[in-house]
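For reference, the structure is listed below as structure tokens.
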2 protein chains.
Amino acid sequence: MNKEALVQVAEEVRRATGLPVGWRDVERTLGALRATRDLWEAVRLSRVPLRFLVPIWEGLARRGLLRVEEGLDLLAEVPAPRPGEAACPACEGRGLVGERLPGRAAERFLAWAKERPEAIQDFDQGYVTPESTLARVALAWNWGDLEGKEVLVLGDDDLTGLAAALTGLPKRVVVLDADPRIVRFLERAAKAEGLPLEAHVHDLREPLPEAWVHAFHTFFTDPVEGPLGLQAFVGRGLLALEGEGCAGYVGLTHVEASLAKWADFQRFLLENGAVITELRDGFHVYENWGYIEQMRAWPWLPVKRRPEKPWYTSALIRLELLRRADLENARVEGDLQDEEATY
Amino acid sequence: MNKEALVQVAEEVRRATGLPVGWRDVERTLGALRATRDLWEAVRLSRVPLRFLVPIWEGLARRGLLRVEEGLDLLAEVPAPRPGEAACPACEGRGLVGERLPGRAAERFLAWAKERPEAIQDFDQGYVTPESTLARVALAWNWGDLEGKEVLVLGDDDLTGLAAALTGLPKRVVVLDADPRIVRFLERAAKAEGLPLEAHVHDLREPLPEAWVHAFHTFFTDPVEGPLGLQAFVGRGLLALEGEGCAGYVGLTHVEASLAKWADFQRFLLENGAVITELRDGFHVYENWGYIEQMRAWPWLPVKRRPEKPWYTSALIRLELLRRADLENARVEGDLQDEEATY
């Protein structure tokens, strides 16, 4: 069973019911059935409407893939990600922890993170705590966006590509970053650990090379937060996704972006066929960086003291495409940082 | 200092800088300063862009409300909600727990929840666990949407209005529900506990009485999830909000709503001036209800067994208005449940 088969089941259900069922609904249905044979637990884990699920199960049963008796039993190996289990035990799963990621990913990632290159101002760097990176990857695991998927990371001073690859789940992870130090570090880790992880020096203001257009299932990015930055980072991310049912993870702050900018960004996503499926404020905590006195904002600050505790946080947004996004792949002209400061 | 003063500071900063600063940015800035005198901690807690904060602090200092020396010291009582502290300690605050709510609200709420009326099908009821209700109220506390606020709950089989009132933070809580049993139960609890909580029997298909239009700062609702249901529940909620800077909390499921419907709902929010500031999937867990075999979907199910564990979950969305929402206040015609089933 391959993606074509998922598309066929979805089309069949769509024709029979008139409901907007997509291949990813079928994939999620199958992924949930890898985790449970209980009907109600399958409903909960699949995140697919009940009126889609019933005809999807019927379609799978007709194909001999599912036996429906006391429970729902899969009869074949299926290429669908099993939903992750990263829910925080202390808050009924409303939060996330990276500890349960497969492949001892958390432990191995924390060891690598100790050797990482420092943040430098040239590339507007500043990275999140290793726990934040792991939690981000854990959310993607929960949503079935890693297992068997081709993953793209656009700008990776958080080392998200490394954490994702260490889970052993993705088919391939590609990282693009403007900083050769990051690229070399990731290449070293990938080699030492034997990971399907490649890293390339690439400036996101440049068009995305054709080989990466509509080539991925999942992307991660922390954009520079002006309209141009969002175009360069998130626009490229959307363009890199194969199409319907593919997902993106985007960081967004309050420090650099007003709620008016958040609204414009949400409109941009919807206009390009993406629906927001998570928006968790305060999800990422940043490590304090060394060049804070050189920050644009430093001269304006009424109290000139270096921060003693983490203070810079950002939200994590998950989006999913309802259709292929066909954005322009042009060069982005202008100073991304300057333009970030407009609202 | 009152809301007029907040509006004045915002206008002054807007005129001087051209940035889209709103009164709620000023309120958040002040609320954060009630919790800390440390500049960086104030940035983190206020959730306001740094380039808004600096001129807001200056405006407050010019008015003699703020002393800026080693730290940022408030010099007056201010009418701004202190940000809540409900972050889950086990997952770096990515989740939420209700235990830390003020006024021993969690303990008192759990006692009341034991006596609550059972869910009945007449009103399409089904309620979340008491822990889910408390976590929802905790998120509102974190965002400063309770303290000193007028709160409206549209449909309240989850008893959100009771939990909110028990924190002692809101100025007033008004609950509208079609079920007289819920209304009587809330009235009894309000009287016994001496809470500023009132409950009214009201069918949300009817127009919102004029006294409740543009009269509240915060609303909560769990809509029936068709276009008509969203209009009746969320549309009324938006209409009940005073305007810019006011917030709404909405539950949304996968069981009843496809991602295509989620996208339509997000477009509806943005078109009416609301920005999404949180969307936490799987936030609410429902208690299993007694009438499951009478559910519309029961006859279609391939395995007819009652669920043994909780299986029905929903996301929590927080929206915030960037401008007053002027929706039509007409009667909603049609069967909300029937129409929910369309996609």
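Each chain in the structure tokens gets a letter, A, B, ..., in the order shown, and its residues are numbered from 1; ligands are numbered from 1 in order too.
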Could you name the residues that touch Ala105 (chain B) at 10 Å or less, counting only C-alpha atoms, but leaving out those on the same chain fewer than 4 positions away, as a list in words?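 My list of contacting residues is Gly98, Glu99, Arg100, Leu101, Phe109, Leu110, Leu134, Leu162, Ala163, Ala164, Ala165, Leu166, Thr167 and Gly168 of chain B.
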Take the residues from that selection and put them in a file with N, CA and C atoms, as a PDB file, in the first residue's frame.
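Result file is result_7.pdb:
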ATOM      1  N   GLY B  98      -4.846  23.707  36.409  1.00  0.00           N
ATOM      2  CA  GLY B  98      -5.759  24.603  37.107  1.00  0.00           C
ATOM      3  C   GLY B  98      -5.463  24.739  38.592  1.00  0.00           C
ATOM      4  N   GLU B  99      -4.565  23.892  39.096  1.00  0.00           N
ATOM      5  CA  GLU B  99      -4.368  23.850  40.555  1.00  0.00           C
ATOM      6  C   GLU B  99      -3.945  25.173  41.179  1.00  0.00           C
ATOM      7  N   ARG B 100      -3.205  25.968  40.381  1.00  0.00           N
ATOM      8  CA  ARG B 100      -2.673  27.199  40.983  1.00  0.00           C
ATOM      9  C   ARG B 100      -3.647  28.376  40.907  1.00  0.00           C
ATOM     10  N   LEU B 101      -4.827  28.157  40.364  1.00  0.00           N
ATOM     11  CA  LEU B 101      -5.792  29.262  40.270  1.00  0.00           C
ATOM     12  C   LEU B 101      -6.040  29.845  41.657  1.00  0.00           C
ATOM     13  N   PHE B 109     -14.226  24.089  42.961  1.00  0.00           N
ATOM     14  CA  PHE B 109     -14.925  23.710  41.733  1.00  0.00           C
ATOM     15  C   PHE B 109     -15.149  22.201  41.664  1.00  0.00           C
ATOM     16  N   LEU B 110     -14.125  21.442  42.027  1.00  0.00           N
ATOM     17  CA  LEU B 110     -14.259  19.983  41.962  1.00  0.00           C
ATOM     18  C   LEU B 110     -15.397  19.495  42.870  1.00  0.00           C
ATOM     19  N   LEU B 134     -11.057  23.677  34.358  1.00  0.00           N
ATOM     20  CA  LEU B 134     -10.113  24.470  35.146  1.00  0.00           C
ATOM     21  C   LEU B 134      -8.923  24.911  34.299  1.00  0.00           C
ATOM     22  N   LEU B 162     -18.878  29.056  36.428  1.00  0.00           N
ATOM     23  CA  LEU B 162     -18.697  28.803  37.858  1.00  0.00           C
ATOM     24  C   LEU B 162     -17.216  28.786  38.213  1.00  0.00           C
ATOM     25  N   ALA B 163     -16.417  28.065  37.415  1.00  0.00           N
ATOM     26  CA  ALA B 163     -14.972  27.995  37.696  1.00  0.00           C
ATOM     27  C   ALA B 163     -14.344  29.384  37.618  1.00  0.00           C
ATOM     28  N   ALA B 164     -14.743  30.175  36.610  1.00  0.00           N
ATOM     29  CA  ALA B 164     -14.190  31.528  36.462  1.00  0.00           C
ATOM     30  C   ALA B 164     -14.558  32.384  37.671  1.00  0.00           C
ATOM     31  N   ALA B 165     -15.822  32.299  38.096  1.00  0.00           N
ATOM     32  CA  ALA B 165     -16.274  33.123  39.227  1.00  0.00           C
ATOM     33  C   ALA B 165     -15.570  32.710  40.520  1.00  0.00           C
ATOM     34  N   LEU B 166     -15.315  31.421  40.678  1.00  0.00           N
ATOM     35  CA  LEU B 166     -14.684  30.940  41.913  1.00  0.00           C
ATOM     36  C   LEU B 166     -13.248  31.446  42.094  1.00  0.00           C
ATOM     37  N   THR B 167     -12.607  31.886  41.018  1.00  0.00           N
ATOM     38  CA  THR B 167     -11.257  32.445  41.164  1.00  0.00           C
ATOM     39  C   THR B 167     -11.285  33.778  41.909  1.00  0.00           C
ATOM     40  N   GLY B 168     -12.471  34.399  41.979  1.00  0.00           N
ATOM     41  CA  GLY B 168     -12.566  35.703  42.628  1.00  0.00           C
ATOM     42  C   GLY B 168     -12.038  36.844  41.767  1.00  0.00           C
TER      43      GLY B 168
END
Output, as a short mmCIF file (atom, residue, chain, number, x, y, z; two decimals) with C-alpha atoms, in the first residue's frame, the coordinates of chain B following least-squares superposition onto chain A across all in-order C-alpha pairs.
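Final output, saved to superposed_12.cif:
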data_model
loop_
_atom_site.label_atom_id
_atom_site.label_comp_id
_atom_site.auth_asym_id
_atom_site.auth_seq_id
_atom_site.Cartn_x
_atom_site.Cartn_y
_atom_site.Cartn_z
CA MET B 1 0.01 0.02 0.04
CA ASN B 2 1.48 3.38 -1.02
CA LYS B 3 0.37 7.00 -1.22
CA GLU B 4 -1.52 6.30 -4.47
CA ALA B 5 -3.70 3.85 -2.56
CA LEU B 6 -4.43 6.47 0.10
CA VAL B 7 -5.42 8.93 -2.61
CA GLN B 8 -7.70 6.31 -4.16
CA VAL B 9 -9.51 5.56 -0.91
CA ALA B 10 -9.98 9.29 -0.30
CA GLU B 11 -11.37 9.84 -3.81
CA GLU B 12 -13.75 6.93 -3.49
CA VAL B 13 -15.13 8.27 -0.21
CA ARG B 14 -15.30 11.79 -1.60
CA ARG B 15 -17.31 10.61 -4.61
CA ALA B 16 -19.65 8.48 -2.52
CA THR B 17 -20.34 11.03 0.21
CA GLY B 18 -19.56 14.48 -1.18
CA LEU B 19 -17.40 15.12 1.91
CA PRO B 20 -13.99 16.85 1.50
CA VAL B 21 -11.94 13.77 2.47
CA GLY B 22 -8.21 13.99 1.66
CA TRP B 23 -5.45 11.39 1.43
CA ARG B 24 -4.06 12.63 4.72
CA ASP B 25 -7.36 11.75 6.43
CA VAL B 26 -6.86 8.18 5.20
CA GLU B 27 -3.23 8.22 6.35
CA ARG B 28 -4.25 9.45 9.81
CA THR B 29 -6.99 6.81 10.02
CA LEU B 30 -4.42 4.10 9.28
CA GLY B 31 -1.81 5.57 11.63
CA ALA B 32 -4.31 5.49 14.50
CA LEU B 33 -5.14 1.85 13.73
CA ARG B 34 -1.45 0.98 14.12
CA ALA B 35 -1.75 2.22 17.71
CA THR B 36 -5.10 0.72 18.77
CA ARG B 37 -7.86 -1.69 17.73
CA ASP B 38 -10.44 0.09 19.89
CA LEU B 39 -12.92 2.08 17.81
CA TRP B 40 -13.17 5.03 20.20
CA GLU B 41 -9.45 5.27 20.77
CA ALA B 42 -9.04 5.19 16.97
CA VAL B 43 -11.44 8.13 16.69
CA ARG B 44 -9.44 10.08 19.25
CA LEU B 45 -6.04 9.35 17.73
CA SER B 46 -6.96 9.89 14.10
CA ARG B 47 -8.19 13.52 14.38
CA VAL B 48 -10.54 12.89 11.46
CA PRO B 49 -14.30 13.65 11.57
CA LEU B 50 -16.42 10.65 12.51
CA ARG B 51 -18.44 10.97 9.34
CA PHE B 52 -15.22 10.65 7.31
CA LEU B 53 -13.92 7.77 9.41
CA VAL B 54 -16.86 5.43 8.96
CA PRO B 55 -16.67 5.32 5.13
CA ILE B 56 -12.84 5.24 5.23
CA TRP B 57 -12.97 2.16 7.50
CA GLU B 58 -15.47 0.61 5.06
CA GLY B 59 -13.18 1.32 2.12
CA LEU B 60 -10.24 -0.26 3.93
CA ALA B 61 -12.34 -3.32 4.86
CA ARG B 62 -13.46 -3.77 1.22
CA ARG B 63 -9.79 -3.82 0.19
CA GLY B 64 -9.04 -6.54 2.73
CA LEU B 65 -6.83 -4.23 4.78
CA LEU B 66 -9.07 -4.08 7.84
CA ARG B 67 -11.05 -6.71 9.72
CA VAL B 68 -14.05 -5.32 11.61
CA GLU B 69 -15.37 -7.58 14.35
CA GLU B 70 -15.01 -6.90 18.06
CA GLY B 71 -12.44 -4.26 17.19
CA LEU B 72 -10.72 -2.77 14.16
CA ASP B 73 -7.77 -4.96 13.14
CA LEU B 74 -5.29 -3.92 10.47
CA LEU B 75 -4.38 -6.87 8.24
CA ALA B 76 -1.36 -5.36 6.48
CA GLU B 77 1.69 -3.22 7.02
CA VAL B 78 0.67 0.31 6.15
CA PRO B 79 2.83 3.34 5.33
CA ALA B 80 1.14 5.64 7.83
CA PRO B 81 2.83 7.32 10.78
CA ARG B 82 1.74 6.06 14.16
CA PRO B 83 0.67 9.08 16.26
CA GLY B 84 3.33 10.07 18.80
CA GLU B 85 3.01 9.84 22.57
CA ALA B 86 4.76 12.95 23.81
CA ALA B 87 1.91 14.27 25.95
CA CYS B 88 2.95 15.67 29.31
CA PRO B 89 1.75 13.32 32.06
CA ALA B 90 1.43 16.14 34.60
CA CYS B 91 -1.14 18.26 32.76
CA GLU B 92 -3.36 15.65 31.08
CA GLY B 93 -1.42 15.97 27.85
CA ARG B 94 -2.01 19.69 27.44
CA GLY B 95 1.76 20.17 27.35
CA LEU B 96 4.52 18.25 25.62
CA VAL B 97 7.78 16.71 26.65
CA GLY B 98 10.57 15.47 24.42
CA GLU B 99 11.70 12.70 26.75
CA ARG B 100 9.52 10.03 25.21
CA LEU B 101 10.77 10.57 21.65
CA PRO B 102 11.92 7.28 20.14
CA GLY B 103 15.55 6.32 19.52
CA ARG B 104 16.75 7.89 22.80
CA ALA B 105 16.63 11.09 20.73
CA ALA B 106 16.38 13.41 23.76
CA GLU B 107 19.47 12.05 25.50
CA ARG B 108 21.55 11.99 22.31
CA PHE B 109 20.38 15.46 21.28
CA LEU B 110 21.28 17.01 24.63
CA ALA B 111 24.82 15.65 24.28
CA TRP B 112 25.24 17.18 20.81
CA ALA B 113 23.70 20.49 21.86
CA LYS B 114 26.57 21.03 24.29
CA GLU B 115 28.99 21.27 21.38
CA ARG B 116 26.93 23.58 19.20
CA PRO B 117 28.28 26.78 17.59
CA GLU B 118 27.46 29.97 19.51
CA ALA B 119 24.83 32.44 18.25
CA ILE B 120 26.27 35.33 16.21
CA GLN B 121 24.65 38.56 15.09
CA ASP B 122 25.65 38.25 11.40
CA PHE B 123 22.75 35.88 10.85
CA ASP B 124 20.34 37.35 13.44
CA GLN B 125 20.84 34.16 15.46
CA GLY B 126 19.48 33.29 18.84
CA TYR B 127 18.49 29.76 19.66
CA VAL B 128 15.93 28.05 21.84
CA THR B 129 16.74 25.74 24.75
CA PRO B 130 17.40 22.12 23.74
CA GLU B 131 14.21 21.20 25.65
CA SER B 132 12.25 23.58 23.40
CA THR B 133 13.72 22.02 20.25
CA LEU B 134 12.80 18.55 21.53
CA ALA B 135 9.26 19.66 22.43
CA ARG B 136 8.83 21.09 18.93
CA VAL B 137 9.92 17.80 17.39
CA ALA B 138 7.63 15.98 19.86
CA LEU B 139 4.63 17.97 18.60
CA ALA B 140 5.50 16.94 15.03
CA TRP B 141 5.76 13.33 16.20
CA ASN B 142 2.31 13.58 17.82
CA TRP B 143 0.85 14.84 14.56
CA GLY B 144 2.45 12.10 12.43
CA ASP B 145 4.65 14.58 10.56
CA LEU B 146 7.95 12.71 11.00
CA GLU B 147 7.66 8.97 10.42
CA GLY B 148 8.49 8.11 6.80
CA LYS B 149 8.43 11.80 5.86
CA GLU B 150 10.85 14.04 3.98
CA VAL B 151 11.56 16.98 6.25
CA LEU B 152 12.98 20.42 5.39
CA VAL B 153 14.37 22.89 7.93
CA LEU B 154 14.74 26.49 6.70
CA GLY B 155 17.33 28.12 8.95
CA ASP B 156 18.39 25.85 11.78
CA ASP B 157 20.26 27.51 14.62
CA ASP B 158 17.88 25.57 16.90
CA LEU B 159 19.23 22.26 15.51
CA THR B 160 15.68 21.02 14.85
CA GLY B 161 16.90 18.97 11.89
CA LEU B 162 19.33 17.09 14.11
CA ALA B 163 16.70 16.37 16.78
CA ALA B 164 14.21 15.21 14.12
CA ALA B 165 16.79 12.93 12.48
CA LEU B 166 17.84 11.44 15.83
CA THR B 167 14.32 10.06 16.36
CA GLY B 168 15.02 7.65 13.50
CA LEU B 169 11.56 8.40 12.09
CA PRO B 170 12.03 10.65 9.02
CA LYS B 171 13.00 9.20 5.67
CA ARG B 172 15.24 12.21 5.02
CA VAL B 173 16.00 15.55 6.66
CA VAL B 174 17.39 18.50 4.67
CA VAL B 175 18.63 21.63 6.44
CA LEU B 176 19.27 24.98 4.74
CA ASP B 177 21.21 27.59 6.64
CA ALA B 178 23.20 30.69 5.70
CA ASP B 179 25.82 29.99 8.38
CA PRO B 180 28.57 27.56 7.29
CA ARG B 181 29.34 26.80 10.95
CA ILE B 182 25.83 25.35 11.47
CA VAL B 183 26.05 23.38 8.25
CA ARG B 184 29.45 21.88 9.17
CA PHE B 185 28.26 21.07 12.69
CA LEU B 186 25.19 19.24 11.37
CA GLU B 187 27.28 17.37 8.80
CA ARG B 188 29.63 16.23 11.53
CA ALA B 189 26.76 15.03 13.75
CA ALA B 190 25.05 13.31 10.82
CA LYS B 191 28.22 11.43 9.93
CA ALA B 192 29.02 10.43 13.52
CA GLU B 193 25.45 9.20 14.14
CA GLY B 194 24.81 7.77 10.67
CA LEU B 195 21.71 9.92 10.09
CA PRO B 196 19.77 10.57 6.84
CA LEU B 197 20.46 14.27 7.41
CA GLU B 198 22.04 16.64 4.90
CA ALA B 199 22.83 20.32 5.37
CA HIS B 200 23.46 23.02 2.76
CA VAL B 201 24.68 26.60 2.91
CA HIS B 202 21.81 28.58 1.39
CA ASP B 203 20.57 32.17 1.69
CA LEU B 204 16.77 32.06 1.87
CA ARG B 205 16.49 35.40 0.08
CA GLU B 206 17.53 33.47 -3.03
CA PRO B 207 14.92 31.39 -4.90
CA LEU B 208 14.52 27.83 -3.68
CA PRO B 209 16.45 25.47 -6.02
CA GLU B 210 14.06 23.50 -8.21
CA ALA B 211 15.03 20.17 -6.62
CA TRP B 212 13.48 21.32 -3.33
CA VAL B 213 10.24 22.77 -4.76
CA HIS B 214 7.18 20.59 -3.87
CA ALA B 215 9.59 17.91 -2.61
CA PHE B 216 8.87 17.70 1.16
CA HIS B 217 6.11 16.62 3.57
CA THR B 218 7.04 18.70 6.59
CA PHE B 219 8.98 21.91 7.17
CA PHE B 220 10.24 23.80 10.21
CA THR B 221 11.26 27.45 10.30
CA ASP B 222 11.78 30.41 12.63
CA PRO B 223 11.29 33.38 10.31
CA VAL B 224 12.63 36.88 10.50
CA GLU B 225 9.29 38.48 11.39
CA GLY B 226 8.71 41.19 8.80
CA PRO B 227 6.57 40.71 5.68
CA LEU B 228 9.75 40.10 3.65
CA GLY B 229 11.14 37.67 6.23
CA LEU B 230 7.90 35.73 6.32
CA GLN B 231 7.95 35.56 2.53
CA ALA B 232 11.57 34.38 2.49
CA PHE B 233 11.14 31.77 5.24
CA VAL B 234 7.50 30.66 5.43
CA GLY B 235 6.73 31.33 1.75
CA ARG B 236 9.67 29.08 0.78
CA GLY B 237 8.51 26.50 3.29
CA LEU B 238 5.01 26.36 1.78
CA LEU B 239 6.52 26.16 -1.70
CA ALA B 240 8.78 23.28 -0.63
CA LEU B 241 5.77 21.18 0.47
CA GLU B 242 4.44 18.58 -1.91
CA GLY B 243 0.87 19.81 -1.44
CA GLU B 244 -2.37 18.90 0.34
CA GLY B 245 -1.90 17.18 3.70
CA CYS B 246 1.67 18.43 4.22
CA ALA B 247 2.55 20.43 7.32
CA GLY B 248 4.72 23.31 8.46
CA TYR B 249 5.97 24.45 11.89
CA VAL B 250 6.65 28.16 12.37
CA GLY B 251 7.88 30.15 15.37
CA LEU B 252 6.37 33.59 16.00
CA THR B 253 7.08 36.06 18.82
CA HIS B 254 5.39 38.94 20.56
CA VAL B 255 8.72 40.73 21.00
CA GLU B 256 9.08 41.37 17.26
CA ALA B 257 5.48 41.11 16.06
CA SER B 258 2.29 42.89 17.08
CA LEU B 259 -1.05 41.07 17.02
CA ALA B 260 -1.84 43.10 13.89
CA LYS B 261 1.15 41.39 12.24
CA TRP B 262 -0.01 38.02 13.59
CA ALA B 263 -3.39 38.61 11.92
CA ASP B 264 -1.74 39.52 8.60
CA PHE B 265 0.35 36.36 8.82
CA GLN B 266 -2.73 34.23 9.51
CA ARG B 267 -4.47 35.76 6.49
CA PHE B 268 -1.36 34.99 4.39
CA LEU B 269 -1.51 31.33 5.47
CA LEU B 270 -5.23 30.95 4.72
CA GLU B 271 -4.87 32.69 1.35
CA ASN B 272 -2.23 30.15 0.42
CA GLY B 273 -4.39 27.16 1.34
CA ALA B 274 -2.97 26.52 4.82
CA VAL B 275 -5.11 25.95 7.92
CA ILE B 276 -3.72 26.54 11.42
CA THR B 277 -3.98 23.36 13.52
CA GLU B 278 -1.90 24.46 16.52
CA LEU B 279 -0.85 27.81 17.92
CA ARG B 280 0.82 27.44 21.30
CA ASP B 281 1.99 30.69 22.78
CA GLY B 282 5.13 30.63 24.95
CA PHE B 283 6.13 27.23 23.55
CA HIS B 284 9.80 28.06 22.93
CA VAL B 285 12.17 29.59 25.47
CA TYR B 286 15.36 31.14 24.07
CA GLU B 287 18.80 30.91 25.63
CA ASN B 288 20.22 34.37 26.27
CA TRP B 289 22.70 35.33 23.56
CA GLY B 290 26.08 37.00 23.82
CA TYR B 291 25.58 40.04 21.62
CA ILE B 292 22.57 41.59 23.39
CA GLU B 293 24.30 44.98 23.85
CA GLN B 294 24.68 45.20 20.05
CA MET B 295 20.94 44.62 19.49
CA ARG B 296 19.09 47.32 17.59
CA ALA B 297 16.84 47.89 20.61
CA TRP B 298 19.61 48.22 23.24
CA PRO B 299 20.09 52.03 22.91
CA TRP B 300 16.36 52.62 23.51
CA LEU B 301 16.12 50.52 26.68
CA PRO B 302 15.42 52.58 29.80
CA VAL B 303 17.39 50.16 32.03
CA LYS B 304 20.68 48.91 30.58
CA ARG B 305 21.23 45.59 32.31
CA ARG B 306 21.91 42.24 30.74
CA PRO B 307 19.10 39.72 31.37
CA GLU B 308 19.81 37.16 34.06
CA LYS B 309 17.07 34.69 33.18
CA PRO B 310 15.54 33.57 29.87
CA TRP B 311 13.07 36.23 28.70
CA TYR B 312 12.64 35.80 24.93
CA THR B 313 9.91 33.29 24.06
CA SER B 314 7.97 32.40 20.97
CA ALA B 315 4.79 30.65 19.94
CA LEU B 316 4.76 27.50 17.83
CA ILE B 317 2.31 27.36 14.93
CA ARG B 318 1.48 24.18 13.02
CA LEU B 319 -0.17 24.67 9.65
CA GLU B 320 -1.45 22.07 7.21
CA LEU B 321 -2.03 22.56 3.49
CA LEU B 322 -5.51 21.91 2.10
CA ARG B 323 -4.12 22.35 -1.43
CA ARG B 324 -0.74 22.84 -3.07
CA ALA B 325 0.68 26.33 -2.47
CA ASP B 326 1.92 27.93 -5.67
CA LEU B 327 3.86 30.95 -4.50
CA GLU B 328 6.30 32.89 -6.58
CA ASN B 329 9.88 31.67 -6.21
CA ALA B 330 11.54 35.06 -6.77
CA ARG B 331 14.56 36.60 -5.06
CA VAL B 332 13.54 38.61 -1.95
CA GLU B 333 15.03 42.12 -2.23
CA GLY B 334 15.61 44.35 0.77
CA ASP B 335 16.93 44.17 4.31
CA LEU B 336 14.90 41.57 6.19
CA GLN B 337 15.94 42.91 9.60
CA ASP B 338 15.20 46.54 8.78
CA GLU B 339 11.83 45.73 7.47
CA GLU B 340 10.96 43.52 10.45
CA ALA B 341 10.80 46.67 12.56
CA THR B 342 7.79 48.16 10.79
CA TYR B 343 5.03 46.91 13.16
#
Hey, what does DSSP flag as helix (DSSP H, G or I) within region 220-288 of chain B? Can you give it to me as a VMD selection string? chain B and resid 227 to 240 259 to 271
